[in-house]
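Chemist: One structure is given below, represented as structure tokens, and several questions about it will come after.
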Amino acid sequence: MGLIGREREIEILRSCYLRMMENKSAPYDQSISAQSLTQSNVHKELVFISGYSGVGKSSLAKTLERETGETTEGIYVEGKFDLKASDEPYSGIASALGQICKRLLTRHDQSFKKANTRDVLLSFGSRLSAALGPSASLLSNFIPELQDILPSMRRNSGSSSEGEQSDFDMVQKRVKYAFRVLMKALNDEFSPIVLVLDDLQWADASSMELMGYLISDMQNLNALMILGCYRSNEVDEESLLFKKVHSLRQIQDKFKFHITDIAVGSCDITSVNKMIMAMMSIDDEERTRRLAEVCFKRTGGNPFFLIEFMVMLQDEGLISYNIGLLKWVWDEKIVTDATMSTDNVVDLLQARMRKMPANVQLLLQYAACLGSSFKASTLDLIWREQSVMGAEYTAETISRLLAMIVASNLVESCGDNEYRWVHDKVQEAAMSLSDTVSPDFQFQIGSALYHSLDANGLEEKLFDVVDLLNKGQVSKRYEFAELNLRAAKKAKKVSAFPSAAKYAANGIALLPSDKWTTNRSLTLALYTLGCEVELALGRVEAAEIYSNEVSNRPECTTMEALPLKMAKSLKLCTVDLKYKEAIEFNLGLLKGLGIRLLWTRATAPLQSVTTLIRTIKMAKKAPPAKDISEKLGDMRDPKHRAVVLLLSRIGYASYRSEDAFLLIISVCKMVEMTLKHGVCDYSPPGFCALGMLAVIVQKDYRTAAYFVEVARALQRASFAFVEAEILLNGNIYSFAWSRPFQKSLTAVAEGYASGMRTGNTIYAMWNLLCHHVWLPYTMGKRLGPILEQCPKILSQMEELSQHEQAICLEIFWQMMLNLASTSGSEDLHKLEGEIFSAEGFAKGFTTCSSHKGSILLTQTELLVFYDLEAAAKYSISDGEKFEKLCPGLFHIMFHTFHQAIALFAMARRTRKLKYRTRAIKLAKRIKGWVRSGNPNVGHYHLAMMAEQAALKKKYDLAEENYKNAIALAARTGHMHHVALINERYGEFLKEELADEKESEYRFGEAIRYYEEWGAFGKAETLKKQVQESACV
């Protein structure tokens, strides 16, 4: 009935659903251009339904419930946001996902006779548990139903270390990623998922961010529709929802989802008449026309208001069903005169409520204080605690009263002893039913819950209880200040920083004037937490007020004040990106702890060299990797842990600001602190970084690999957030020089998953880039699949604001496009195109070593494949720049090899000593890698031997080594090098031996492998060169 007159809106909504269903299984476009790579079929729909309260937004959304139910694979779920809980993060989304979890369990229970059903559920739970890792317990704080799917999971298990907890941005990203993993896993089980989020205007900022995060997940290829219903009159240009919707519109094409807006207005008089006819089962339009005019005038055509208005007319006897005449009767004039004072639906609802018994009215008011939904058991606790009408409490009383309320169609049962209001206007009417619901009344309810709930119940209802208590005139009691601290900590843990800040402020306000002398520990905890969350929110002035309060207290020790300063230290490094300022600030904090890191700036070079040599010797003498964790024990002194944390931040800032000497000194100090005082969360990255320094400074690849093994041995479950960093740095700086690239490829995939699970998105994105682009390119994998991943990776990097990695990706992407291009352009040797322009980027100037290094590297690659002479000249003038910008990085291997190929080519063509000298120097470097046990460069060395033999006119030896190099490159899957060495062999045969037939074959093989690799542009260029040479 509420959908009468909504045919157009229903059709729009259904068309969105059908579009999603049509596109969900369409194939991906694998053509090679950048434009085609950034286009794919849309399989997600985001629909916003707006209108005034009561116009039927939820009813419109519900039309898809039947549509979804027609497929056994799909599911329709609803989540609702509550004005009373607008600070509670993710509430509406978590509620909806909890329903899906319940359905999954129900589906299992209904089919328990099938032998494999339980196995399937256990398999699903195992996969989900592995994907979530320690975030499973974090997610269960929002979705308790998860514990039934993951029975082995323990709440709060795998808790984060102190270092991780203080990185607020990391915590937020960890929570969002956990939700995304869960959504994808559920979407794999149910497709499509139609997720309705009602009263979106009351959603918290975190929920709005999560909504966008879920709809933009390009890794989830299942059909997903999110419907957001909101009151249009409560959303303006300054609201969070308006701004979020605007930002989502800007990215919908990039992230492959559609946005549709459906505005639902009030019904016209014709539709109102049809609704009245439906309610009264009357077929004659003219008979109800005049009544419809009165109802339309009184309700404005609002469907919910109209229904309540009609109920009121019946209750007041203004319309009635005449048994004798078997029809409804009324008098329009009497109805008009009697309803002149009816202003809104809340008045109508309250008029109906006031006719109910007094104890029912009071119960309605209690329930209204508990939010949009409530459990009968919670209401029962309040009912027992309060003195109600002087009547003796019985369990039957609450059940009977609830039954009356349900029968009156004010609340509805949701099962599991839970109820919800049929409409938020009903809750609003109950809340303001009398003057009884004052702040003090809400305080009394909160107090009743506080004293009645057991420890687990209080933890579950903590936000509700504290919110109710804070609404009243709370006396300054440590008991309630402590309760606010608990709420603040819980809010911080689930990344609800605005709520955490509010609770911390409330807790401080409840402290008496002599707080520092009578309860110093509670006071310090509240001020510290307040400072941390205010900084996380970017409210620097508020944070400084808290910080100054603690710093100015003479009784506060350096260690007690340190957490407040640590928050600023973190912000300088990860938010403000003021690396040099961060270095000086952290050095000052170390000095306050009695640690002098630098002798002087002038002596830093000498200090760094002597310190590195000493530390490597100490580390080598430490217990073996398998025993080191147990032998060293834990670093228990908080001061020592704080020092290592500060050293890690100095090391990070030093690397970002290219302060090599301070980087060495800080890393060495971290390792020495671990060896002397025990293991803490930043010990593993310290040893991993020491391995990197062993490669860069000493070229000691075996020692580097050993230190990475030590880092892995030191890693513990509570250090999970550093795993992504260890897996990345350990592989691209250390293991890549001594182990096959394939092992590193597996490791960085694990690093990406670990980084996303723990919120370490900086290293997650570096691992992702390495896994999908850097390593596959280095290994000669086909360019097509790599290019296919590029737009997806870029979208994720931009979504997570990891701009440094995004630019590095764009640089490599453009290089590969130039290799793959069939445009016939003569400028393919230039790093210019639709994705990235080196010339345009240079105008903006960058001080980032990763960007400068990536440009140098990729420009050299294009020159090697398109212009060997220019590549050789670059090697003579700037060939060492990349290694200076990115020391120790595995890219140095192929960068050195490709330079040497160009140099040998020009040495043979021109016989110039400068080319020959540098080529031999690089060949010796490659030979040294082989001797050190590097398994990835064997065909490099053979190719170098061939080039040197050819240069010395040892033709038989040259041919033998060319063939061996080609065979080894083919056996190890390096397609690009099979092609490149065949090309070099073909030129040797043509120019040195004049063997046209064999030369033609080798050039043909080079072209074939270039095409198989996906470098069609290079293949076409070589074809033209061969044809032109044949014509000469």
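Chains: A, B, ... in order of the structure tokens. Residues: from 1 per chain. Ligands: from 1, in order shown.
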Would you return as a ChimeraX atom specification the members of region 304-374 of chain A that DSSP assigns to strand (DSSP E) on this structure's backbone?

Modeler: /A:319-322,327-330,373-374

Chemist: Excluding Leu313 (chain A) and its own-chain neighbours fewer than 5 positions away, which residues fall within 10 Å of it when counting only C-alpha atoms? Please give them as a ChimeraX atom specification.

Modeler: /A:307-308,318-320,330,335,338-339

Chemist: Give me the residues near region 249-254 of chain A as a list in words, where near means some atom within 10 Å (using only C-alpha atoms) and where sequence neighbours in that chain fewer than 3 positions away do not count.

Modeler: Thr38, Gln39, Ser40, Val42, Lys44, Glu45, Leu46, Gly212, Ile215, Ser216, Met218, Lys244, Val245, His246, Phe257, His258, Ile259, Thr260, Pro791, Lys792, Leu794, Ser795 and Glu799 of chain A

Chemist: Between A:Thr600, A:Phe836, A:Thr761, A:Ala872, single out the one closest to Ser801 (chain A), counting only C-alpha atoms.

Modeler: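 Closest to Ser801 (chain A), using only C-alpha atoms: A:Thr761.
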
Chemist: Find the residues around Ala949 (chain A) up to 9 Å (only C-alpha atoms counted), leave out those fewer than 6 positions away in its own chain, and share them as JSON, numbers by chain.

Modeler: {"A": [955, 956, 957, 958, 959, 961]}

Chemist: Pick the closest to Cys531 (chain A) from A:His43, A:His941, A:Lys997, A:Lys571: which is it, counting only C-alpha atoms?

Modeler: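 Among A:His43, A:His941, A:Lys997, A:Lys571, it is A:Lys571 that comes nearest to Cys531 (chain A).
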
Chemist: Looking only at helix (DSSP H, G or I) from DSSP on the backbone, list the matching residues of region 311-357 of chain A as a list in words.

Modeler: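 Helix (DSSP H, G or I) members of region 311-357 of chain A, listed: Val311, Met312, Leu313, Gln314, Asp315, Glu332, Lys333, Ile334, Val335, Thr336, Asp337, Ala338, Val345, Val346, Asp347, Leu348, Leu349, Gln350, Ala351, Arg352 and Met353 of chain A.
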
Chemist: Tell me, as a PyMOL selection string, which residues lie within 10 Å of Leu379 (chain A), counting only C-alpha atoms; anything in the same chain fewer than 2 positions away does not count.

Modeler: chain A and resi 363-364+366-367+370+374-377+381-385+398+402+445+449

Chemist: One decimal, in Å: what's the spacing between CA of Thr288 (chain A) and CA of Gly54 (chain A)?

Modeler: 22.3 Å

Chemist: Which is closest to Phe719 (chain A) among A:Ile762, A:Val679, A:Met353, A:Met944, if we use only C-alpha atoms?

Modeler: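 Going through A:Ile762, A:Val679, A:Met353, A:Met944 one by one, the smallest distance to Phe719 (chain A) is for A:Val679.
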
Chemist: Can you tell me which residues surround Ile835 (chain A) at a distance of at most 10 Å, considering only C-alpha atoms, apart from same-chain residues fewer than 2 positions away, and format the answer as a list in words?

Modeler: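 Non-adjacent residues within range: Ala34, Gln35, Ile807, Leu809, Glu810, Ile811, Phe812, Trp813, Gln814, Met815, Leu817, Leu831, Glu832, Gly833 and Ser837 of chain A.
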
Chemist: So which residues touch Ala969 (chain A) within 12 Å, counting only C-alpha atoms, skipping near sequence neighbours fewer than 2 positions away, as an MDAnalysis selection string?

Modeler: chainID A and resid 779:781 935:943 961:967 971:982 1009

Chemist: What's the separation between CA of Phe894 (chain A) and CA of Arg1002 (chain A), in Å to one decimal place?

Modeler: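 Between CA of Phe894 (chain A) and CA of Arg1002 (chain A) the gap is 22.1 Å.
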